[in-house]
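I have placed the structure first, in the form of structure tokens, so that the comments after it can refer back to it.
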Amino acid sequence: MVSQEQRRRQLAREKFLRQQQRRTSARRKARTRNAAIASVLGVILIGSVALYTTGVVLKDDDDKTNANAEVTPSASASSKAPDPCDKPAEGKVKTQTWKKEPAMTIDKSAKYSMKLATTCGDIDIALKASAAPHTVNSFNFLAGKGYFDHTKCHRLTDAGIYVLQCGDPKGTGSGGPGYTIPDENLKDKSLKGNVYPAGTVAMANQYNPQTKQGRDTGGSQFFLVYQDSQLPPDYTPFGTVSEAGMKVLKKIAAAGAQAPDPATGNTAPNATVVIDKATVSKS
């Protein structure tokens, strides 16, 4: 016959074994869960590298492009920082488009500059008219038409490459002027080791380096590099940001980027970056 003390000890051992089994099971589930999370993160990171390498984040899409194909989780969803920028000036975005590239009107031997008066401060850009005449001529034309005025800079990337992308009246990454311009200046001496240095202003386009398709598809979208970025020389470099303009870019970048938009894949800047007025001047 089992004594009361023996029964108590038996129950205690059974309780202890049950606790151990629960702990073992919990540890096993935790390991499985962590492995799954690590696997997902690995896929995201690998996908991010692939997207940056192929230049998807710098695409200038037309209306026929599937926006969902542009989803790029590569730009980190930074914690929401205070908005360092002012409210946009009153006015509406213009939606006019043109069927063909404007006729050449700039003097290729002259010096041109572009001023982006933004809600975050002025960004002055020295333009490379002799090296990228079609691009500079297009910007001179579009700025003169007020095409960039009141437009939102729709994408900020803060991982892998470090750029602010602007120039789309739709603010989605799918807008353009209706015409395309040729790629230019892809052998610019500033592009060394597949790096676009901080301060570079370059064109977005639809070029796919894997299929070698999509050359000469620049429109109106462009990007400003605020930190040296590893990119193949597939995007027309046509300007350089001034020292004061770089301070504005750094301020925008410091505010971080939002999580990718499910519809467009854009990682919009936390800062309210709107081009109140864009002007191109000859000096």
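Convention: chains lettered A, B, ... in structure tokens order; per-chain residue numbering from 1; ligands numbered from 1 as shown.
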
What are the nearest atom pairs, with distances in Å to one decimal, for all residues of stretch 240-276 of chain A that come at most 12 Å from stretch 217-233 of chain A, using only C-alpha atoms, set out by chain and rising residue number as CSV?
```
residue,atom,partner,partner_atom,distance
A:Thr240,CA,A:Leu224,CA,8.7
A:Val241,CA,A:Leu224,CA,7.9
A:Ser242,CA,A:Tyr226,CA,11.3
A:Glu243,CA,A:Tyr226,CA,11.0
A:Gly245,CA,A:Tyr226,CA,9.8
A:Met246,CA,A:Tyr226,CA,6.8
A:Lys247,CA,A:Tyr226,CA,9.1
A:Val248,CA,A:Tyr226,CA,9.5
A:Leu249,CA,A:Tyr226,CA,6.0
A:Lys250,CA,A:Tyr226,CA,6.4
A:Lys251,CA,A:Tyr226,CA,9.9
A:Ile252,CA,A:Tyr226,CA,9.4
A:Ala253,CA,A:Tyr226,CA,7.7
A:Ala254,CA,A:Tyr226,CA,10.4
```

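Each of A:Asn266, A:Ser174, A:Thr272, A:Asn185 was compared to A:Thr118 using only C-alpha atoms, and A:Thr272 turns out to be the nearest.
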
Give me, as a ChimeraX atom specification, all polymer residues having an atom no more than 9 Å from A:Asp183, counting only C-alpha atoms and skipping those fewer than 3 positions away in the same chain.
/A:132,134-135,186,203,205,215-218,234-236

Residues within 12 Å of A:Ala143, please, as JSON, numbers by chain. Count only C-alpha atoms; anything in the same chain fewer than 6 positions from it doesn't count.
{"A": [94, 113, 114, 115, 116, 117, 136, 137, 149, 150, 151, 167, 177, 220, 275, 276, 277, 278, 279, 280, 281]}

With C-alpha atoms kept, could you save the residues just selected as a CSV table (one decimal), in the first residue's frame?
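Saved as result.csv:
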```csv
chain,number,residue,atom,x,y,z
A,94,LYS,CA,-0.4,70.7,-63.8
A,113,SER,CA,21.3,75.9,-63.0
A,114,MET,CA,18.1,74.7,-61.5
A,115,LYS,CA,16.5,75.9,-58.3
A,116,LEU,CA,14.0,73.7,-56.5
A,117,ALA,CA,12.2,75.9,-54.0
A,136,VAL,CA,18.8,69.8,-69.5
A,137,ASN,CA,16.8,71.0,-72.4
A,149,ASP,CA,5.4,73.2,-59.4
A,150,HIS,CA,3.4,71.8,-56.4
A,151,THR,CA,4.6,68.2,-57.1
A,167,GLY,CA,9.4,64.8,-60.7
A,177,PRO,CA,5.5,64.2,-69.5
A,220,SER,CA,10.4,63.8,-65.8
A,275,ILE,CA,8.5,71.4,-54.9
A,276,ASP,CA,6.7,74.7,-54.6
A,277,LYS,CA,8.5,76.1,-57.7
A,278,ALA,CA,11.2,74.9,-60.1
A,279,THR,CA,13.2,77.3,-62.2
A,280,VAL,CA,16.0,76.8,-64.7
A,281,SER,CA,18.3,79.7,-65.3
```

Tell me, in Å to one decimal, how far atom CA of A:Ala198 is from atom CA of A:Thr267.
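If I compute the distance from atom CA of A:Ala198 to atom CA of A:Thr267, I get 19.8 Å.
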
By how many Å are atom CA of A:Cys153 and atom CA of A:Lys189 apart?
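Atom CA of A:Cys153 sits 27.6 Å away from atom CA of A:Lys189.
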
In stretch 124-186 of chain A, DSSP helix (DSSP H, G or I) residues written as a short mmCIF file (atom, residue, chain, number, x, y, z; two decimals) with all heavy atoms, in the first residue's frame:
```cif
data_model
loop_
_atom_site.label_atom_id
_atom_site.label_comp_id
_atom_site.auth_asym_id
_atom_site.auth_seq_id
_atom_site.Cartn_x
_atom_site.Cartn_y
_atom_site.Cartn_z
N PRO A 133 22.72 67.38 -72.86
CA PRO A 133 21.90 68.46 -73.42
C PRO A 133 20.41 68.13 -73.55
O PRO A 133 19.56 69.00 -73.31
CB PRO A 133 22.54 68.69 -74.80
CG PRO A 133 23.26 67.41 -75.11
CD PRO A 133 23.74 66.89 -73.79
N HIS A 134 20.08 66.90 -73.92
CA HIS A 134 18.66 66.55 -74.07
C HIS A 134 17.96 66.63 -72.71
O HIS A 134 16.82 67.10 -72.61
CB HIS A 134 18.52 65.13 -74.64
CG HIS A 134 18.83 65.03 -76.09
ND1 HIS A 134 17.91 65.21 -77.09
CD2 HIS A 134 20.02 64.77 -76.71
CE1 HIS A 134 18.48 65.06 -78.26
NE2 HIS A 134 19.77 64.79 -78.07
N THR A 135 18.64 66.16 -71.67
CA THR A 135 18.05 66.16 -70.33
C THR A 135 17.87 67.58 -69.81
O THR A 135 16.79 67.95 -69.32
CB THR A 135 18.92 65.35 -69.37
OG1 THR A 135 19.16 64.06 -69.93
CG2 THR A 135 18.24 65.19 -68.03
N VAL A 136 18.92 68.39 -69.93
CA VAL A 136 18.85 69.77 -69.46
C VAL A 136 17.83 70.56 -70.27
O VAL A 136 17.05 71.36 -69.72
CB VAL A 136 20.24 70.43 -69.50
CG1 VAL A 136 20.14 71.92 -69.15
CG2 VAL A 136 21.20 69.73 -68.55
N ASN A 137 17.78 70.34 -71.56
CA ASN A 137 16.80 71.02 -72.41
C ASN A 137 15.37 70.66 -71.99
O ASN A 137 14.48 71.52 -71.94
CB ASN A 137 17.02 70.65 -73.87
CG ASN A 137 16.10 71.42 -74.81
OD1 ASN A 137 16.23 72.62 -74.97
ND2 ASN A 137 15.18 70.71 -75.43
N SER A 138 15.16 69.38 -71.67
CA SER A 138 13.83 68.92 -71.24
C SER A 138 13.44 69.58 -69.92
O SER A 138 12.29 70.03 -69.75
CB SER A 138 13.81 67.40 -71.10
OG SER A 138 12.57 66.95 -70.61
N PHE A 139 14.38 69.65 -68.98
CA PHE A 139 14.07 70.27 -67.70
C PHE A 139 13.84 71.77 -67.85
O PHE A 139 12.99 72.34 -67.16
CB PHE A 139 15.19 69.99 -66.68
CG PHE A 139 14.98 68.71 -65.93
CD1 PHE A 139 15.22 67.48 -66.55
CD2 PHE A 139 14.52 68.70 -64.63
CE1 PHE A 139 15.01 66.29 -65.88
CE2 PHE A 139 14.30 67.51 -63.94
CZ PHE A 139 14.55 66.30 -64.58
N ASN A 140 14.57 72.40 -68.74
CA ASN A 140 14.35 73.82 -69.02
C ASN A 140 12.94 74.04 -69.55
O ASN A 140 12.23 74.97 -69.15
CB ASN A 140 15.39 74.30 -70.02
CG ASN A 140 15.25 75.78 -70.35
OD1 ASN A 140 15.30 76.63 -69.47
ND2 ASN A 140 15.06 76.08 -71.63
N PHE A 141 12.51 73.15 -70.45
CA PHE A 141 11.17 73.22 -71.03
C PHE A 141 10.10 72.98 -69.97
O PHE A 141 9.14 73.77 -69.83
CB PHE A 141 11.06 72.19 -72.16
CG PHE A 141 9.66 72.00 -72.69
CD1 PHE A 141 9.11 72.90 -73.59
CD2 PHE A 141 8.89 70.91 -72.30
CE1 PHE A 141 7.81 72.72 -74.08
CE2 PHE A 141 7.61 70.72 -72.78
CZ PHE A 141 7.06 71.63 -73.68
N LEU A 142 10.24 71.88 -69.22
CA LEU A 142 9.21 71.51 -68.24
C LEU A 142 9.11 72.53 -67.11
O LEU A 142 8.00 72.89 -66.68
CB LEU A 142 9.50 70.13 -67.67
CG LEU A 142 9.37 68.95 -68.65
CD1 LEU A 142 9.85 67.65 -68.00
CD2 LEU A 142 7.93 68.80 -69.13
N ALA A 143 10.24 73.01 -66.63
CA ALA A 143 10.22 74.02 -65.56
C ALA A 143 9.55 75.30 -66.05
O ALA A 143 8.79 75.94 -65.31
CB ALA A 143 11.63 74.31 -65.08
N GLY A 144 9.81 75.66 -67.32
CA GLY A 144 9.18 76.84 -67.88
C GLY A 144 7.68 76.72 -68.00
O GLY A 144 6.95 77.73 -67.96
#
```

Report as JSON, numbers by chain all protein, DNA and RNA residues lying within 8 Å of A:Glu101, evaluated on only C-alpha atoms, omitting residues in the same chain fewer than 2 positions from it.
{"A": [98, 99, 103, 138, 179, 180, 181]}

Writing out the chosen residues with N, CA, C and O atoms as a short mmCIF file (atom, residue, chain, number, x, y, z; two decimals), in the first residue's frame:
```cif
data_model
loop_
_atom_site.label_atom_id
_atom_site.label_comp_id
_atom_site.auth_asym_id
_atom_site.auth_seq_id
_atom_site.Cartn_x
_atom_site.Cartn_y
_atom_site.Cartn_z
N TRP A 98 2.91 66.03 -73.40
CA TRP A 98 3.30 66.35 -74.77
C TRP A 98 3.65 65.06 -75.51
O TRP A 98 4.12 64.09 -74.91
N LYS A 99 3.44 65.06 -76.81
CA LYS A 99 3.63 63.84 -77.59
C LYS A 99 5.09 63.57 -77.95
O LYS A 99 5.47 62.44 -78.20
N ALA A 103 11.85 70.70 -78.81
CA ALA A 103 12.97 71.07 -79.68
C ALA A 103 14.12 71.64 -78.84
O ALA A 103 13.90 72.24 -77.78
N SER A 138 15.16 69.38 -71.67
CA SER A 138 13.83 68.92 -71.24
C SER A 138 13.44 69.58 -69.92
O SER A 138 12.29 70.03 -69.75
N TYR A 179 6.48 62.15 -73.18
CA TYR A 179 7.57 61.84 -74.11
C TYR A 179 8.75 61.28 -73.32
O TYR A 179 8.77 61.33 -72.09
N THR A 180 9.71 60.72 -74.03
CA THR A 180 10.91 60.21 -73.39
C THR A 180 12.14 60.89 -73.98
O THR A 180 12.09 61.43 -75.09
N ILE A 181 13.24 60.84 -73.23
CA ILE A 181 14.49 61.43 -73.69
C ILE A 181 15.59 60.37 -73.64
O ILE A 181 15.49 59.40 -72.88
#
```

My list of candidates is A:Asp122, A:Asp107, A:Ile161, A:Asp168. Which is closest to A:Thr95 when distances are computed with only C-alpha atoms?
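Looking at the shortest contact to A:Thr95, the residue is A:Asp168.
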
Which of A:Pro82, A:Pro197, A:Pro260, A:Gly175 sits closest to A:Val163 [using only C-alpha atoms]:
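Under the stated criterion, the closest residue is A:Pro197.
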
I'd like the interatomic distance between atom CA of A:Ala263 and atom CA of A:Tyr162, to a tenth of an Å.
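Taking atom CA of A:Ala263 as the start and atom CA of A:Tyr162 as the end point, the length is 22.1 Å.
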
Which of stretch 53-275 of chain A counts as strand (DSSP E or B) under DSSP, as a PyMOL selection string please?
chain A and resi 112-118+121-127+151-152+155-159+161-166+181+195-196+200-203+208+213+218+222-225+229-230+237-241+257+269+274-275

Please, could you write that set of residues out with N, CA and C atoms as a compact mmCIF listing (two decimals), in the first residue's frame?
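File out11.txt, as written:
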```txt
# COMPACT_ATOMS: atom_id res chain seq x y z
N TYR A 112 23.99 76.37 -66.96
CA TYR A 112 22.61 76.42 -66.50
C TYR A 112 22.53 75.90 -65.06
N SER A 113 21.56 76.41 -64.35
CA SER A 113 21.32 75.92 -62.98
C SER A 113 19.82 75.77 -62.77
N MET A 114 19.46 74.90 -61.86
CA MET A 114 18.06 74.70 -61.52
C MET A 114 17.87 74.92 -60.03
N LYS A 115 16.84 75.66 -59.68
CA LYS A 115 16.51 75.88 -58.28
C LYS A 115 15.19 75.18 -57.97
N LEU A 116 15.21 74.29 -56.99
CA LEU A 116 13.99 73.67 -56.49
C LEU A 116 13.64 74.36 -55.18
N ALA A 117 12.65 75.22 -55.23
CA ALA A 117 12.17 75.88 -54.00
C ALA A 117 11.19 74.92 -53.35
N THR A 118 11.65 74.20 -52.34
CA THR A 118 10.82 73.16 -51.72
C THR A 118 10.31 73.62 -50.35
N GLY A 121 13.23 73.77 -47.97
CA GLY A 121 14.34 74.67 -48.24
C GLY A 121 14.71 74.61 -49.71
N ASP A 122 15.54 75.56 -50.15
CA ASP A 122 15.95 75.61 -51.55
C ASP A 122 17.05 74.61 -51.84
N ILE A 123 16.91 73.92 -52.97
CA ILE A 123 17.93 72.99 -53.44
C ILE A 123 18.41 73.51 -54.79
N ASP A 124 19.64 74.04 -54.80
CA ASP A 124 20.24 74.56 -56.03
C ASP A 124 21.08 73.48 -56.70
N ILE A 125 20.95 73.39 -58.02
CA ILE A 125 21.61 72.32 -58.78
C ILE A 125 22.33 72.93 -59.97
N ALA A 126 23.62 72.65 -60.08
CA ALA A 126 24.38 73.03 -61.28
C ALA A 126 24.14 71.97 -62.34
N LEU A 127 23.64 72.38 -63.51
CA LEU A 127 23.27 71.43 -64.56
C LEU A 127 24.42 71.22 -65.56
N THR A 151 4.51 69.71 -57.05
CA THR A 151 4.61 68.25 -57.07
C THR A 151 5.31 67.72 -55.82
N LYS A 152 4.93 66.52 -55.46
CA LYS A 152 5.46 65.87 -54.25
C LYS A 152 6.65 64.98 -54.60
N ARG A 155 9.36 59.42 -53.13
CA ARG A 155 10.10 58.26 -52.64
C ARG A 155 11.41 58.67 -51.98
N LEU A 156 11.67 58.09 -50.82
CA LEU A 156 12.96 58.24 -50.14
C LEU A 156 13.47 56.85 -49.80
N THR A 157 14.67 56.52 -50.25
CA THR A 157 15.25 55.23 -49.90
C THR A 157 16.39 55.46 -48.91
N ASP A 158 16.41 54.67 -47.86
CA ASP A 158 17.42 54.88 -46.82
C ASP A 158 18.11 53.58 -46.43
N ALA A 159 18.18 52.64 -47.37
CA ALA A 159 18.92 51.40 -47.17
C ALA A 159 19.38 50.90 -48.53
N ILE A 161 20.65 52.07 -51.19
CA ILE A 161 20.93 53.31 -51.89
C ILE A 161 20.23 54.44 -51.14
N TYR A 162 20.71 55.66 -51.37
CA TYR A 162 20.26 56.78 -50.53
C TYR A 162 19.87 57.95 -51.42
N VAL A 163 18.60 57.92 -51.84
CA VAL A 163 18.14 58.91 -52.80
C VAL A 163 16.74 59.43 -52.43
N LEU A 164 16.48 60.64 -52.90
CA LEU A 164 15.15 61.23 -52.86
C LEU A 164 14.68 61.34 -54.29
N GLN A 165 13.52 60.77 -54.60
CA GLN A 165 13.02 60.76 -55.98
C GLN A 165 11.83 61.70 -56.12
N CYS A 166 11.88 62.51 -57.17
CA CYS A 166 10.87 63.55 -57.40
C CYS A 166 10.52 63.58 -58.89
N ILE A 181 13.24 60.84 -73.23
CA ILE A 181 14.49 61.43 -73.69
C ILE A 181 15.59 60.37 -73.64
N VAL A 195 29.41 53.77 -58.40
CA VAL A 195 28.92 54.57 -57.28
C VAL A 195 28.45 55.93 -57.81
N TYR A 196 27.22 56.28 -57.45
CA TYR A 196 26.73 57.63 -57.69
C TYR A 196 27.02 58.43 -56.43
N THR A 200 24.84 63.94 -56.50
CA THR A 200 24.48 63.68 -57.90
C THR A 200 22.98 63.81 -58.10
N VAL A 201 22.60 64.41 -59.22
CA VAL A 201 21.20 64.43 -59.64
C VAL A 201 21.12 63.64 -60.95
N ALA A 202 20.27 62.63 -60.99
CA ALA A 202 20.22 61.75 -62.15
C ALA A 202 18.78 61.40 -62.51
N MET A 203 18.62 60.88 -63.73
CA MET A 203 17.29 60.53 -64.23
C MET A 203 16.87 59.14 -63.81
N ASN A 208 16.03 47.82 -67.60
CA ASN A 208 16.20 46.58 -66.86
C ASN A 208 17.54 45.97 -67.27
N GLN A 213 16.67 45.79 -71.66
CA GLN A 213 15.61 46.54 -72.32
C GLN A 213 15.22 47.76 -71.50
N GLY A 218 13.88 57.86 -70.15
CA GLY A 218 13.74 58.92 -69.15
C GLY A 218 12.57 59.81 -69.47
N PHE A 222 13.30 62.19 -61.48
CA PHE A 222 14.74 62.26 -61.24
C PHE A 222 15.00 61.97 -59.77
N PHE A 223 16.25 61.69 -59.44
CA PHE A 223 16.58 61.42 -58.05
C PHE A 223 17.81 62.20 -57.63
N LEU A 224 17.82 62.58 -56.36
CA LEU A 224 18.92 63.33 -55.76
C LEU A 224 19.61 62.44 -54.74
N VAL A 225 20.89 62.23 -54.89
CA VAL A 225 21.65 61.32 -54.04
C VAL A 225 22.17 62.10 -52.83
N SER A 229 25.97 56.11 -53.21
CA SER A 229 25.08 54.97 -53.45
C SER A 229 25.62 54.07 -54.54
N GLN A 230 25.64 52.76 -54.25
CA GLN A 230 26.13 51.76 -55.19
C GLN A 230 25.06 51.51 -56.24
N PRO A 237 23.39 61.11 -65.29
CA PRO A 237 23.73 62.13 -64.30
C PRO A 237 23.75 63.49 -65.00
N PHE A 238 22.93 64.42 -64.54
CA PHE A 238 22.82 65.68 -65.27
C PHE A 238 22.96 66.92 -64.38
N GLY A 239 23.30 66.72 -63.11
CA GLY A 239 23.45 67.87 -62.23
C GLY A 239 24.14 67.52 -60.93
N THR A 240 24.55 68.58 -60.22
CA THR A 240 25.20 68.42 -58.92
C THR A 240 24.58 69.40 -57.93
N VAL A 241 24.20 68.89 -56.77
CA VAL A 241 23.55 69.72 -55.74
C VAL A 241 24.58 70.59 -55.03
N ALA A 257 11.97 57.43 -43.71
CA ALA A 257 11.01 57.03 -44.73
C ALA A 257 9.89 56.21 -44.13
N PRO A 269 8.91 59.86 -48.08
CA PRO A 269 9.62 60.48 -46.96
C PRO A 269 8.64 60.88 -45.86
N VAL A 274 7.61 68.95 -50.94
CA VAL A 274 6.87 69.40 -52.11
C VAL A 274 7.70 70.48 -52.81
N ILE A 275 7.80 70.39 -54.13
CA ILE A 275 8.47 71.42 -54.90
C ILE A 275 7.46 72.53 -55.16
```

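Each of A:Asp261, A:Gly199, A:Ala255, A:Ile106 was checked against A:Cys85 using only C-alpha atoms; the smallest atom-to-atom distance is that of A:Ala255.
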